[in-house]
Amino acid sequence: MRFGNRLRELRTAAGMTQQELADALGVSSAYISAIEGGRKPAPPRAVVEQLARALRADHEALWETALAEREERLRQRLEGVPTSLRVEEAPAPVTTPQDSDVEKLLAQHPELEKVCRVLASALNDTKTRARALAVVDALVRGLSTPK
């Protein structure tokens with residue numbers, strides 16, 4: 001069983017909301033939501049023990065669930081398998097606008113040139129660059145659509 005699912009079961013069985021559990025731990029409800037939803041990995045032992053105390057649950061049993069998930073994640077990393085919880089499927093192919101389209105839009109919207117310069121200087125890796133190009137492409141398409 002995934003740690004997030006087990007946490008949700010224990011929290012609902014204790015009659016607590018995510019906000020109440022978050023308040024008991026001194027964290028945000030978004031953090032609790034992310035763990036339960038599988039967007040954050042199982043937390044370290046100290047946090048698991050705090051969760052168990054707040055939920056009046058067996059901390060060893062809860063830690064075993066967390067540890068199994070953490071060990072699996074480590075095993076995947078050692079084998080070279082991507083472990084990002086946010087990447088579930090291959091990203092959509094990135095299409096870029098034609099240079100002439102970009103030049104035309106920059107002439108019509110000079111403020112975009114500054115945006116492009118900032119993006120270009122901030123993009124150090126291929127993955128980030130591809131995501132930014134997709135955003136710029138959507139922006140260009142939106143601006144070039146006749147109103």
# chains A, B, ... in the order shown; residues from 1 in each chain; ligands from 1
$ residues_around --residues "range 70-77 of chain A" --least-positions-apart "2" --cutoff "12 Å" --atoms "only C-alpha atoms" --output "list in words"
Arg2, Phe3, Lys40, Pro41, Ala42, Pro43, Pro44, Arg45, Trp63, Glu64, Thr65, Ala66, Leu67, Ala68, Glu79, Gly80, Val81, Pro82, Thr83, Ser84 and Leu85 of chain A
$ atom_distance --atom1 "CA of Ile32 in chain A" --atom2 "CA of Gln18 in chain A"
6.2 Å
$ closest_residue --among "A:Gly4, A:Ser28, A:Ala13, A:Asp23" --to "Leu55 in chain A" --atoms "only C-alpha atoms"
A:Ala13
